[in-house]
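Visitor: File upload_17.txt follows (compact mmCIF, C-alpha atoms and all ligand atoms):
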```txt
# COMPACT_ATOMS: atom_id res chain seq x y z
CA MET A 1 -23.97 3.01 25.61
CA LYS A 2 -22.24 1.87 22.44
CA THR A 3 -19.41 3.92 21.07
CA ILE A 4 -18.98 4.62 17.38
CA THR A 5 -15.68 5.85 16.03
CA ILE A 6 -15.73 7.94 12.89
CA LEU A 7 -12.30 7.46 11.41
CA ILE A 8 -11.07 10.17 9.08
CA PRO A 9 -7.73 9.76 7.27
CA THR A 10 -6.55 13.30 6.69
CA CYS A 11 -3.78 14.57 4.51
CA ASN A 12 -3.65 18.27 3.64
CA GLU A 13 -7.34 18.90 4.07
CA GLU A 14 -7.30 22.35 5.68
CA ASP A 15 -9.96 23.62 3.27
CA VAL A 16 -12.56 21.04 4.14
CA LEU A 17 -12.14 20.15 7.80
CA HIS A 18 -14.57 22.79 9.07
CA HIS A 19 -17.17 21.81 6.48
CA LEU A 20 -16.71 18.18 7.38
CA TYR A 21 -17.16 18.89 11.07
CA GLY A 22 -20.22 20.98 10.25
CA ARG A 23 -21.80 18.11 8.33
CA LEU A 24 -20.88 15.44 10.90
CA ILE A 25 -22.36 17.18 13.92
CA PRO A 26 -26.01 17.02 12.72
CA VAL A 27 -25.55 13.33 11.97
CA ILE A 28 -24.21 12.75 15.46
CA ASN A 29 -27.13 14.68 16.93
CA GLN A 30 -29.56 12.50 14.98
CA ASN A 31 -28.20 9.46 16.82
CA PRO A 32 -28.36 10.38 20.48
CA GLY A 33 -28.24 6.74 21.59
CA TYR A 34 -24.52 6.45 20.90
CA LEU A 35 -21.28 7.94 22.06
CA PHE A 36 -19.23 9.22 19.16
CA GLU A 37 -15.52 9.57 18.69
CA LEU A 38 -14.41 11.75 15.78
CA PHE A 39 -11.01 10.32 15.11
CA PHE A 40 -8.71 12.16 12.73
CA ILE A 41 -5.60 10.40 11.48
CA ASN A 42 -3.27 13.12 10.38
CA ASP A 43 -1.18 11.47 7.71
CA GLY A 44 1.76 13.85 7.54
CA SER A 45 -0.15 16.92 6.43
CA THR A 46 2.07 19.82 5.49
CA ASP A 47 -0.67 22.43 5.81
CA GLN A 48 -2.76 23.70 8.70
CA SER A 49 -4.81 20.49 9.06
CA ILE A 50 -3.38 19.43 12.40
CA LYS A 51 -3.77 22.90 13.82
CA ILE A 52 -7.44 22.93 12.82
CA ILE A 53 -7.97 19.49 14.34
CA LYS A 54 -6.37 20.58 17.61
CA GLU A 55 -8.54 23.68 17.70
CA LEU A 56 -11.66 21.62 17.11
CA ARG A 57 -10.61 19.26 19.89
CA GLU A 58 -10.38 22.14 22.34
CA SER A 59 -14.03 22.94 21.89
CA ASP A 60 -15.33 19.39 21.43
CA ASN A 61 -14.02 16.51 23.50
CA ARG A 62 -15.51 13.93 21.13
CA ILE A 63 -12.63 14.67 18.81
CA SER A 64 -9.44 12.74 19.09
CA TYR A 65 -6.52 12.51 16.74
CA LEU A 66 -3.49 10.50 15.86
CA GLU A 67 -0.56 12.15 14.21
CA LEU A 68 1.68 9.90 12.16
CA SER A 69 5.38 10.65 12.01
CA ARG A 70 5.22 11.32 8.27
CA ASN A 71 2.96 10.69 5.28
CA PHE A 72 2.40 6.95 5.02
CA GLY A 73 -0.49 6.92 2.57
CA LYS A 74 -4.17 6.40 3.15
CA GLU A 75 -3.98 2.61 3.44
CA THR A 76 -1.53 2.82 6.32
CA ALA A 77 -3.37 5.74 7.90
CA MET A 78 -6.46 3.54 8.03
CA ILE A 79 -4.79 0.63 9.82
CA ALA A 80 -3.22 3.06 12.28
CA GLY A 81 -6.68 4.43 12.91
CA LEU A 82 -8.17 0.98 13.37
CA ASP A 83 -5.42 0.13 15.86
CA TYR A 84 -6.31 3.10 18.03
CA ALA A 85 -10.07 3.38 17.46
CA ARG A 86 -12.10 2.80 20.61
CA GLY A 87 -15.56 2.29 19.15
CA ASP A 88 -17.74 -0.79 19.07
CA ALA A 89 -18.10 0.10 15.43
CA VAL A 90 -15.80 2.13 13.20
CA ILE A 91 -16.96 4.21 10.28
CA ILE A 92 -14.26 5.13 7.79
CA ILE A 93 -14.97 8.29 5.85
CA ASP A 94 -12.92 10.54 3.56
CA ALA A 95 -12.25 14.03 4.76
CA ASP A 96 -13.13 15.65 1.45
CA LEU A 97 -16.90 15.13 1.78
CA GLN A 98 -17.06 12.89 -1.27
CA ASP A 99 -18.72 10.42 1.04
CA PRO A 100 -21.92 12.02 2.31
CA PRO A 101 -21.94 11.82 6.14
CA GLU A 102 -25.74 11.66 6.00
CA LEU A 103 -25.47 7.95 5.09
CA ILE A 104 -24.04 7.23 8.52
CA SER A 105 -27.46 7.05 10.20
CA GLU A 106 -28.56 4.42 7.71
CA MET A 107 -25.36 2.46 8.28
CA ILE A 108 -25.97 2.46 12.01
CA ARG A 109 -29.51 1.19 11.45
CA TYR A 110 -28.21 -1.78 9.47
CA TRP A 111 -25.54 -2.38 12.08
CA GLU A 112 -28.25 -2.71 14.72
CA GLU A 113 -29.98 -5.22 12.44
CA GLY A 114 -26.88 -7.38 12.73
CA TYR A 115 -24.76 -6.57 9.71
CA ASP A 116 -21.02 -6.33 10.33
CA ASP A 117 -19.74 -4.51 7.28
CA ILE A 118 -22.06 -1.95 5.75
CA PHE A 119 -20.48 -0.29 2.76
CA ALA A 120 -21.55 2.49 0.46
CA LYS A 121 -21.63 1.59 -3.21
CA ARG A 122 -21.44 4.46 -5.64
CA LYS A 123 -24.19 4.73 -8.21
CA SER A 124 -22.53 7.64 -9.96
CA ARG A 125 -19.18 9.30 -9.85
CA GLU A 126 -19.60 13.04 -10.17
CA GLY A 127 -16.51 14.99 -11.03
CA GLU A 128 -14.41 12.07 -12.16
CA SER A 129 -13.03 11.92 -15.64
CA TRP A 130 -14.36 9.57 -18.28
CA LEU A 131 -10.93 7.95 -18.55
CA LYS A 132 -10.81 7.26 -14.82
CA ILE A 133 -14.24 5.64 -14.85
CA CYS A 134 -13.39 3.41 -17.84
CA THR A 135 -9.99 2.29 -16.59
CA SER A 136 -11.36 1.59 -13.15
CA SER A 137 -14.21 -0.54 -14.49
CA ALA A 138 -11.88 -2.55 -16.74
CA TYR A 139 -9.50 -3.03 -13.85
CA TYR A 140 -12.15 -4.41 -11.51
CA LYS A 141 -13.29 -6.87 -14.17
CA LEU A 142 -9.71 -8.13 -14.46
CA LEU A 143 -9.13 -8.27 -10.72
CA LYS A 144 -12.34 -10.21 -10.14
CA LYS A 145 -11.38 -12.73 -12.81
CA LEU A 146 -7.87 -13.21 -11.44
CA SER A 147 -8.54 -13.42 -7.73
CA ARG A 148 -11.27 -15.62 -6.50
CA ILE A 149 -12.58 -13.39 -3.77
CA PRO A 150 -15.58 -11.21 -4.68
CA ILE A 151 -14.01 -7.74 -4.71
CA GLN A 152 -16.71 -5.11 -4.34
CA GLU A 153 -16.78 -2.86 -7.35
CA ASP A 154 -17.50 0.85 -7.09
CA THR A 155 -17.03 0.93 -3.37
CA GLY A 156 -14.45 2.95 -1.59
CA ASP A 157 -13.42 2.76 2.00
CA PHE A 158 -16.58 4.50 3.19
CA ARG A 159 -18.15 1.87 5.43
CA LEU A 160 -19.18 0.87 8.92
CA LEU A 161 -17.20 -1.98 10.43
CA ASP A 162 -18.29 -3.91 13.47
CA ARG A 163 -15.67 -4.45 16.17
CA ARG A 164 -15.06 -8.02 15.04
CA CYS A 165 -14.23 -6.86 11.50
CA VAL A 166 -11.86 -4.31 12.99
CA GLU A 167 -10.15 -7.00 15.05
CA ALA A 168 -9.86 -9.16 11.95
CA LEU A 169 -8.31 -6.35 9.93
CA LYS A 170 -5.89 -5.56 12.75
CA GLN A 171 -4.49 -9.05 12.44
CA MET A 172 -3.57 -8.47 8.82
CA ARG A 173 -0.23 -6.77 9.23
CA GLU A 174 1.08 -6.82 5.69
CA ALA A 175 3.12 -3.77 4.83
CA GLN A 176 1.80 -3.32 1.34
CA ARG A 177 -1.86 -2.99 1.93
CA TYR A 178 -4.80 -3.26 -0.39
CA THR A 179 -7.50 -2.58 2.14
CA LYS A 180 -10.35 -2.79 -0.32
CA GLY A 181 -9.52 -6.41 -1.00
CA MET A 182 -9.11 -7.11 2.71
CA PHE A 183 -12.65 -5.96 3.45
CA SER A 184 -13.88 -8.67 1.08
CA TRP A 185 -11.37 -11.21 2.26
CA ILE A 186 -12.38 -11.14 5.92
CA GLY A 187 -15.99 -12.01 5.09
CA TYR A 188 -18.76 -11.49 7.72
CA ASN A 189 -22.24 -10.14 7.05
CA LYS A 190 -22.08 -7.54 4.36
CA LYS A 191 -24.68 -5.01 3.33
CA GLU A 192 -24.46 -2.45 0.58
CA ILE A 193 -26.05 0.97 0.46
CA PRO A 194 -26.15 2.67 -2.95
CA PHE A 195 -25.34 6.37 -3.05
CA ASP A 196 -24.30 9.17 -5.38
CA ARG A 197 -20.71 10.14 -4.89
CA ASP A 198 -20.17 13.88 -4.79
CA PRO A 199 -17.24 15.71 -6.29
CA ARG A 200 -14.50 16.76 -3.94
CA MET A 201 -15.56 19.69 -1.76
CA ALA A 202 -12.29 21.62 -1.95
CA GLY A 203 -8.60 20.96 -2.15
CA LYS A 204 -7.39 18.41 -4.65
CA THR A 205 -7.10 14.67 -4.97
CA LYS A 206 -3.86 12.99 -3.91
CA TRP A 207 -4.36 10.20 -6.38
CA ASN A 208 -2.58 10.78 -9.65
CA TYR A 209 -2.38 8.07 -12.25
CA ARG A 210 0.95 6.79 -10.98
CA ARG A 211 -0.41 6.20 -7.49
CA LEU A 212 -3.54 4.63 -8.92
CA PHE A 213 -1.37 2.33 -11.03
CA ASP A 214 0.63 1.36 -7.95
CA LEU A 215 -2.58 0.60 -6.10
CA ALA A 216 -3.86 -1.42 -9.05
CA ILE A 217 -0.74 -3.60 -9.15
CA GLU A 218 -1.00 -3.91 -5.37
CA GLY A 219 -4.53 -5.18 -5.67
CA ILE A 220 -3.56 -7.91 -8.06
CA THR A 221 -0.33 -9.01 -6.44
CA SER A 222 -1.61 -9.00 -2.88
CA PHE A 223 -4.68 -11.09 -3.58
CA THR A 224 -3.78 -13.52 -6.30
CA THR A 225 -0.84 -15.39 -7.75
CA THR A 226 -2.71 -15.97 -11.01
CA PRO A 227 -0.26 -13.88 -13.09
CA LEU A 228 2.49 -16.30 -12.07
CA ARG A 229 0.24 -19.18 -13.09
CA ILE A 230 -0.50 -17.54 -16.43
CA SER A 231 3.16 -17.07 -17.21
CA SER A 232 3.93 -20.71 -16.43
CA LEU A 233 0.99 -21.90 -18.56
CA PHE A 234 2.10 -19.66 -21.37
CA GLY A 235 5.66 -20.93 -21.04
CA LEU A 236 4.36 -24.47 -21.25
CA LEU A 237 2.32 -23.69 -24.33
CA VAL A 238 5.16 -21.94 -26.13
CA SER A 239 7.68 -24.65 -25.34
CA GLY A 240 5.18 -27.25 -26.54
CA PHE A 241 4.93 -25.52 -29.89
CA ALA A 242 8.70 -25.02 -29.98
CA PHE A 243 9.21 -28.74 -29.40
CA ILE A 244 6.94 -29.72 -32.29
CA TYR A 245 8.59 -27.13 -34.48
CA MET A 246 12.02 -28.49 -33.52
CA ILE A 247 11.09 -32.03 -34.54
CA TRP A 248 9.79 -30.72 -37.82
CA ILE A 249 13.00 -28.76 -38.49
CA ILE A 250 15.24 -31.72 -37.61
CA GLY A 251 13.20 -34.02 -39.84
CA LYS A 252 13.23 -31.54 -42.69
CA THR A 253 16.99 -31.01 -42.43
CA LEU A 254 17.67 -34.75 -42.35
CA ILE A 255 15.57 -35.37 -45.43
CA PHE A 256 16.13 -32.28 -47.56
CA GLY A 257 19.35 -30.86 -46.14
CA GLU A 258 19.60 -27.18 -45.24
CA SER A 259 20.52 -24.18 -47.28
CA VAL A 260 21.02 -21.19 -44.93
CA MET A 261 17.70 -19.44 -44.78
CA GLY A 262 15.09 -18.63 -42.21
CA TYR A 263 16.49 -15.36 -40.85
CA PRO A 264 13.01 -13.79 -40.53
CA SER A 265 11.54 -16.70 -38.65
CA LEU A 266 14.59 -16.86 -36.39
CA MET A 267 14.36 -13.19 -35.54
CA THR A 268 10.63 -13.42 -34.90
CA VAL A 269 11.04 -16.31 -32.52
CA ILE A 270 13.97 -14.72 -30.67
CA LEU A 271 12.22 -11.39 -30.22
CA PHE A 272 8.95 -12.96 -29.23
CA MET A 273 10.57 -15.30 -26.74
CA GLY A 274 12.74 -12.48 -25.38
CA GLY A 275 9.65 -10.41 -24.76
CA ILE A 276 7.82 -13.22 -23.03
CA GLN A 277 10.83 -13.98 -20.86
CA LEU A 278 11.22 -10.39 -19.77
CA LEU A 279 7.53 -10.14 -19.03
CA SER A 280 7.56 -13.29 -16.92
CA MET A 281 10.64 -12.12 -15.09
CA GLY A 282 8.89 -8.83 -14.43
CA ILE A 283 5.92 -10.64 -12.95
CA ILE A 284 8.17 -12.78 -10.76
CA GLY A 285 9.99 -9.61 -9.78
CA GLU A 286 6.78 -7.92 -8.66
CA TYR A 287 6.05 -10.77 -6.31
CA LEU A 288 9.64 -11.11 -5.18
CA GLY A 289 9.74 -7.42 -4.34
CA ARG A 290 6.71 -7.89 -2.15
CA VAL A 291 8.24 -10.88 -0.43
CA PHE A 292 11.29 -8.71 0.23
CA ASN A 293 9.21 -5.93 1.72
CA GLU A 294 7.17 -8.22 3.90
CA THR A 295 10.17 -10.16 5.23
CA LYS A 296 11.65 -6.97 6.65
CA LYS A 297 8.75 -7.00 9.10
CA ARG A 298 8.95 -3.32 9.77
CA PRO A 299 6.28 -1.64 11.84
CA LEU A 300 3.58 -0.30 9.56
CA TYR A 301 3.80 3.27 10.85
CA PHE A 302 5.15 5.44 13.63
CA ILE A 303 3.06 7.70 15.80
CA ASP A 304 4.18 11.20 16.55
CA GLU A 305 1.33 12.20 18.83
CA TYR A 306 -1.86 10.66 20.15
CA ASN A 307 -4.33 13.21 21.51
CA GLY A 308 -1.62 15.62 22.41
CA GLU A 309 0.74 13.13 23.98
CA LYS A 310 4.05 12.32 22.38
CA GLU A 311 4.34 8.65 21.65
CA ARG A 312 7.48 6.84 22.67
CA ASN A 313 6.89 3.91 20.29
CA ARG A 314 7.95 1.37 22.86
N1 LIG B 401 -5.35 10.62 2.38
C1 LIG B 401 -4.45 10.26 3.37
N2 LIG B 401 -3.13 10.07 3.04
C2 LIG B 401 -2.68 10.20 1.76
C3 LIG B 401 -3.61 10.53 0.75
C4 LIG B 401 -4.94 10.74 1.09
O1 LIG B 401 -4.81 10.11 4.53
O2 LIG B 401 -1.49 10.03 1.52
C5 LIG B 401 -6.77 10.84 2.72
C6 LIG B 401 -7.32 12.17 2.27
O3 LIG B 401 -7.09 13.19 3.20
C7 LIG B 401 -8.79 11.87 2.12
C8 LIG B 401 -8.81 10.42 1.70
O4 LIG B 401 -7.55 9.88 2.07
O5 LIG B 401 -9.48 12.01 3.35
C9 LIG B 401 -9.08 10.25 0.22
O6 LIG B 401 -8.13 10.99 -0.51
P1 LIG B 401 -8.49 11.70 -1.89
O7 LIG B 401 -9.77 12.44 -1.74
O8 LIG B 401 -7.29 12.48 -2.29
O9 LIG B 401 -8.70 10.46 -2.85
P2 LIG B 401 -9.85 10.27 -3.95
O10 LIG B 401 -11.16 10.58 -3.30
O11 LIG B 401 -9.53 11.23 -5.02
O12 LIG B 401 -9.73 8.85 -4.37
MG MG B 402 -11.62 12.25 -2.51
```
Output the file's structure in the form of structure tokens.
Ligand code: UDP
Ligand code: MG
Guide:
Amino acid sequence: MKTITILIPTCNEEDVLHHLYGRLIPVINQNPGYLFELFFINDGSTDQSIKIIKELRESDNRISYLELSRNFGKETAMIAGLDYARGDAVIIIDADLQDPPELISEMIRYWEEGYDDIFAKRKSREGESWLKICTSSAYYKLLKKLSRIPIQEDTGDFRLLDRRCVEALKQMREAQRYTKGMFSWIGYNKKEIPFDRDPRMAGKTKWNYRRLFDLAIEGITSFTTTPLRISSLFGLLVSGFAFIYMIWIIGKTLIFGESVMGYPSLMTVILFMGGIQLLSMGIIGEYLGRVFNETKKRPLYFIDEYNGEKERNR
């Protein structure tokens, strides 16, 4: 019998865990041909989440859990989960029921047809602000232009991954992770299922604009070096103009002499160039910072407990 792991990154979700469990069980019962593992990754919750998970595990041995040593963020929680997942396929789903578990049966059907990465694409985004929808759509346009891999728009992490996708993702050990880009990057047979995304069931989102901005920069810097290319092209362009301008000034001075003038143009050029230089340095800095972080080669996460056993982190 094939095993399917349902991987649930969980951070302070005490209000929804019982609902989630209640919605997952019927789905599991609809697919009696498979063994299921309900795998919670407790990402440093400070509420009762882990207690609830442990209670659920006592009554249902399909539940297993991994407790990280602190909050590492959803991206890291996911790779931790993939490292420990036992299934022949892994389904990643948010704990807050924004991803309807009822889609899982359909995902499994496509998996049996031979697809490796079946992802849910949102048709609508209930309960998200107009600003969030606009900024996110503009951002994806930009990201797609800059990086040459086809990033899937309007998809989250809700998807079924075949074992070979999981193994591929496990080999990508970068510390600063942009998992959404990685799903595209690894390739394999992809299939999309459109769905309506529900508003969060209870609790509140952990993504404020600062974290979203971080993730956005991550997406660009971890998948493309185009910004570096743009700043060199721009530098080339500006110095080209400056060179022509210089010849013109020298010629003019030689022929007509120079009375001291030109303060406005001087200021404009200095300020403009200063701005461009700072911007380019910032871009270089973003990449350099990432090089710095990756060269430390730290482990991505530490495990506190796996299914009740303390991990030694050999
Ligand atoms: N999550 C996590 N670690 C974090 C933040 C979030 O494991 O540091 C989990 C969270 O419990 C949820 C999922 O990631 O299951 C999505 O989080 P959230 O609903 O806050 O994000 P949104 O849906 O608003 O993008
Ligand atoms: Mg959510």
Visitor: Identify, counting only C-alpha atoms and all ligand atoms, the protein, DNA and RNA residues located within 8 Å of ligand LIG 401 (chain B), and give them as a ChimeraX atom specification.
Guide: /A:8-13,41-44,71-75,77-78,93-96,98,200,204-207
Visitor: To one decimal in Å, tell me the separation between CA of Lys123 (chain A) and CA of Ser147 (chain A).
Guide: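 CA of Ser147 (chain A) lies at a distance of 24.0 Å from CA of Lys123 (chain A).
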Visitor: Given the choices A:Phe40, A:Tyr287, A:Phe183, A:Phe119, which gets closest to Leu228 (chain A) if the distance is worked out from all atoms listed in the file?
Guide: A:Tyr287
Visitor: With distances taken over only C-alpha atoms, which of A:Asn189, A:Glu128, A:Arg197, A:Leu146 is nearest to Ile230 (chain A)?
Guide: A:Leu146
Visitor: Give me, please, the distance in Å between CA of Ser49 (chain A) and CA of Glu67 (chain A), quoted to one decimal.
Guide: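 Straight-line distance from CA of Ser49 (chain A) to CA of Glu67 (chain A) works out to 10.7 Å.
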